[in-house]
Amino acid sequence: MKKLFLSLMGAAALTLMLGACSQSKNADAAAQEGESTEATAAADKSEAAAAEAQAPKVVEVANDAAAPNLDKVKKLTIIDFNATWCVPCRKFESVFDSVAENYGDDAFFLSVDVDNCPQLAEKYNVSSIPTILLIRPDGKTETYVGLEDIYPYDKFEQVIKKNL
């Protein structure tokens with residue numbers, strides 16, 4: 001009987017030890033999972049920041065259906081109405097991209113090909129290209145047709161600074 005009692009006590013002690021060990025392993029796994037989750041969240045934030053930094057500062061509007069609602073803008077919005085066949089438009093493109101790179105955090109830059117977005121061009125009465133349309137958050141707009149007032153870079157930069 002004494003042997004049976006000792007055997008049962010030994011088995012109980014072994015069960016308790018194994019259970020404690022198992023709980024310890026589960027706690028370690030949970031801690032590692034928590035660390036892994038935190039590391040994953042940090043990596044996701046880092047990737048998002050890198051993607052934002054690499055995101056183009058000029059949004060190309062593919063067609064009228066993809067055009068954003070511009071009726072109430074939250075920050076200065078600059079739209080370059082252009083066409084691929086337009087030589088002055090292509091000349092201005094690098095200036096527009098450079099200014100967008102430098103002021104893209106303060107303003108929203110859109111490039112609209114009038115051949116792909118005729119309704120958007122019509123909505124803003126674009127009849128000649130290049131046309132640059134500035135829409136301010138207060139709803140006021142300013143339009144520049146041709147390159148005289150916005151080319152080269154420093155002229156366009158002054159227009160943007162004046163409206164920020």
# chains A, B, ... in the order shown; residues from 1 in each chain; ligands from 1
>>> select_by_dssp(residues="stretch 64-158 of chain A", states="strand (DSSP E or B)", output="list in words")
Thr77, Ile78, Ile79, Asp80, Phe81, Asn82, Phe108, Phe109, Leu110, Ser111, Val112, Asp113, Thr131, Ile132, Leu133, Leu134, Ile135, Thr141, Glu142, Thr143, Tyr144 and Val145 of chain A
>>> write_last_selection(atoms="N, CA, C and O atoms", output="short mmCIF file (atom, residue, chain, number, x, y, z; two decimals), in the first residue's frame")
data_model
loop_
_atom_site.label_atom_id
_atom_site.label_comp_id
_atom_site.auth_asym_id
_atom_site.auth_seq_id
_atom_site.Cartn_x
_atom_site.Cartn_y
_atom_site.Cartn_z
N THR A 77 -4.79 71.99 -54.62
CA THR A 77 -4.75 70.94 -55.64
C THR A 77 -4.37 71.57 -56.96
O THR A 77 -4.98 72.55 -57.39
N ILE A 78 -3.34 71.02 -57.59
CA ILE A 78 -2.84 71.54 -58.86
C ILE A 78 -3.04 70.47 -59.92
O ILE A 78 -2.56 69.35 -59.78
N ILE A 79 -3.75 70.83 -60.98
CA ILE A 79 -4.05 69.89 -62.04
C ILE A 79 -3.37 70.35 -63.32
O ILE A 79 -3.55 71.49 -63.76
N ASP A 80 -2.59 69.46 -63.91
CA ASP A 80 -1.95 69.71 -65.20
C ASP A 80 -2.77 69.00 -66.26
O ASP A 80 -2.75 67.78 -66.35
N PHE A 81 -3.52 69.78 -67.06
CA PHE A 81 -4.26 69.21 -68.19
C PHE A 81 -3.30 69.19 -69.37
O PHE A 81 -2.75 70.23 -69.76
N ASN A 82 -3.10 68.00 -69.95
CA ASN A 82 -2.10 67.83 -71.00
C ASN A 82 -2.53 66.75 -71.98
O ASN A 82 -3.63 66.20 -71.85
N PHE A 108 -1.59 68.81 -53.54
CA PHE A 108 -1.96 67.58 -54.24
C PHE A 108 -1.79 67.85 -55.73
O PHE A 108 -2.38 68.79 -56.26
N PHE A 109 -0.99 67.04 -56.43
CA PHE A 109 -0.68 67.25 -57.85
C PHE A 109 -1.32 66.15 -58.69
O PHE A 109 -1.10 64.96 -58.44
N LEU A 110 -2.09 66.56 -59.68
CA LEU A 110 -2.74 65.63 -60.61
C LEU A 110 -2.30 65.92 -62.04
O LEU A 110 -2.18 67.09 -62.42
N SER A 111 -2.12 64.88 -62.81
CA SER A 111 -1.85 65.01 -64.24
C SER A 111 -3.02 64.38 -64.98
O SER A 111 -3.35 63.21 -64.74
N VAL A 112 -3.64 65.16 -65.87
CA VAL A 112 -4.83 64.70 -66.57
C VAL A 112 -4.61 64.80 -68.08
O VAL A 112 -4.41 65.91 -68.61
N ASP A 113 -4.61 63.65 -68.74
CA ASP A 113 -4.53 63.62 -70.20
C ASP A 113 -5.94 63.90 -70.73
O ASP A 113 -6.86 63.12 -70.47
N THR A 131 -2.91 73.43 -69.74
CA THR A 131 -3.66 74.27 -68.82
C THR A 131 -3.37 73.76 -67.41
O THR A 131 -3.46 72.56 -67.15
N ILE A 132 -3.01 74.69 -66.54
CA ILE A 132 -2.77 74.36 -65.14
C ILE A 132 -3.89 75.00 -64.34
O ILE A 132 -4.13 76.20 -64.43
N LEU A 133 -4.58 74.18 -63.56
CA LEU A 133 -5.68 74.65 -62.73
C LEU A 133 -5.30 74.46 -61.27
O LEU A 133 -4.89 73.36 -60.86
N LEU A 134 -5.40 75.52 -60.50
CA LEU A 134 -5.17 75.45 -59.05
C LEU A 134 -6.51 75.58 -58.37
O LEU A 134 -7.29 76.49 -58.67
N ILE A 135 -6.79 74.67 -57.46
CA ILE A 135 -8.02 74.71 -56.66
C ILE A 135 -7.60 74.82 -55.21
O ILE A 135 -6.92 73.94 -54.68
N THR A 141 -10.36 79.26 -57.56
CA THR A 141 -9.52 78.60 -58.56
C THR A 141 -8.68 79.64 -59.31
O THR A 141 -9.03 80.82 -59.34
N GLU A 142 -7.62 79.16 -59.89
CA GLU A 142 -6.76 79.99 -60.71
C GLU A 142 -6.33 79.13 -61.89
O GLU A 142 -5.99 77.95 -61.71
N THR A 143 -6.37 79.70 -63.09
CA THR A 143 -6.06 78.93 -64.29
C THR A 143 -4.92 79.60 -65.05
O THR A 143 -4.90 80.82 -65.21
N TYR A 144 -4.00 78.78 -65.54
CA TYR A 144 -2.89 79.24 -66.38
C TYR A 144 -2.93 78.43 -67.66
O TYR A 144 -2.86 77.21 -67.63
N VAL A 145 -3.06 79.14 -68.78
CA VAL A 145 -3.10 78.48 -70.08
C VAL A 145 -1.79 78.80 -70.80
O VAL A 145 -1.39 79.96 -70.88
#
>>> residues_around(residues="A:Lys74", least_positions_apart="5", cutoff="9 Å", atoms="only C-alpha atoms", output="PDB file with C-alpha atoms, in the first residue's frame")
ATOM      1  CA  ARG A 136      -7.653  76.110 -53.161  1.00  0.00           C
ATOM      2  CA  PRO A 137      -9.441  74.709 -50.105  1.00  0.00           C
ATOM      3  CA  ASP A 138     -11.573  77.860 -49.957  1.00  0.00           C
TER       4      ASP A 138
END
>>> atom_distance(atom1="atom CA of A:Lys155", atom2="atom CA of A:Phe96")
11.1 Å
>>> atom_distance(atom1="atom CA of A:Asn163", atom2="atom CA of A:Gly139")
12.2 Å
>>> residues_around(residues="A:Ala67", least_positions_apart="6", cutoff="10 Å", atoms="only C-alpha atoms", output="list of chain:residue names")
A:Val59, A:Glu60, A:Val61, A:Leu110, A:Val112, A:Cys117, A:Gln119, A:Leu120
>>> residues_around(residues="A:Ser98", least_positions_apart="2", cutoff="12 Å", atoms="only C-alpha atoms", output="MDAnalysis selection string")
chainID A and resid 56:58 92:96 100:104 109 152:154 156:157
>>> select_by_dssp(residues="stretch 61-111 of chain A", states="helix (DSSP H, G or I)", output="PyMOL selection string")
chain A and resi 64-66+87-103
>>> write_last_selection(atoms="N, CA and C atoms", output="compact mmCIF listing (two decimals), in the first residue's frame")
# COMPACT_ATOMS: atom_id res chain seq x y z
N ASP A 64 -11.91 59.38 -66.85
CA ASP A 64 -12.91 60.18 -66.12
C ASP A 64 -13.46 59.44 -64.90
N ALA A 65 -13.64 58.14 -65.02
CA ALA A 65 -14.20 57.36 -63.91
C ALA A 65 -13.24 57.32 -62.72
N ALA A 66 -11.94 57.43 -62.97
CA ALA A 66 -10.94 57.37 -61.90
C ALA A 66 -10.63 58.74 -61.30
N VAL A 87 3.60 69.01 -77.54
CA VAL A 87 5.02 69.29 -77.27
C VAL A 87 5.20 70.23 -76.07
N PRO A 88 4.47 71.35 -75.97
CA PRO A 88 4.63 72.19 -74.77
C PRO A 88 4.26 71.45 -73.47
N CYS A 89 3.30 70.55 -73.55
CA CYS A 89 2.91 69.76 -72.37
C CYS A 89 4.07 68.88 -71.92
N ARG A 90 4.73 68.26 -72.87
CA ARG A 90 5.88 67.40 -72.55
C ARG A 90 7.04 68.23 -72.01
N LYS A 91 7.20 69.44 -72.53
CA LYS A 91 8.25 70.34 -72.05
C LYS A 91 8.00 70.72 -70.59
N PHE A 92 6.76 70.96 -70.24
CA PHE A 92 6.39 71.38 -68.89
C PHE A 92 6.37 70.21 -67.90
N GLU A 93 6.24 69.00 -68.38
CA GLU A 93 6.10 67.82 -67.51
C GLU A 93 7.21 67.71 -66.47
N SER A 94 8.45 67.92 -66.86
CA SER A 94 9.56 67.79 -65.91
C SER A 94 9.50 68.88 -64.84
N VAL A 95 9.06 70.08 -65.21
CA VAL A 95 8.91 71.17 -64.23
C VAL A 95 7.80 70.81 -63.25
N PHE A 96 6.68 70.33 -63.76
CA PHE A 96 5.55 69.95 -62.92
C PHE A 96 5.98 68.85 -61.94
N ASP A 97 6.69 67.84 -62.45
CA ASP A 97 7.15 66.74 -61.60
C ASP A 97 8.13 67.23 -60.53
N SER A 98 9.01 68.14 -60.88
CA SER A 98 10.00 68.65 -59.91
C SER A 98 9.33 69.47 -58.81
N VAL A 99 8.40 70.32 -59.19
CA VAL A 99 7.69 71.12 -58.19
C VAL A 99 6.86 70.19 -57.30
N ALA A 100 6.24 69.19 -57.91
CA ALA A 100 5.47 68.22 -57.12
C ALA A 100 6.36 67.49 -56.14
N GLU A 101 7.55 67.16 -56.54
CA GLU A 101 8.48 66.47 -55.65
C GLU A 101 8.82 67.35 -54.44
N ASN A 102 8.97 68.64 -54.67
CA ASN A 102 9.35 69.57 -53.60
C ASN A 102 8.17 70.05 -52.75
N TYR A 103 6.97 70.08 -53.32
CA TYR A 103 5.81 70.62 -52.60
C TYR A 103 4.69 69.59 -52.44
>>> atom_distance(atom1="atom CA of A:Ile150", atom2="atom CA of A:Lys123")
22.2 Å
>>> closest_residue(among="A:Val159, A:Asn116, A:Ala121, A:Lys140", to="A:Asn63", atoms="only C-alpha atoms")
A:Asn116
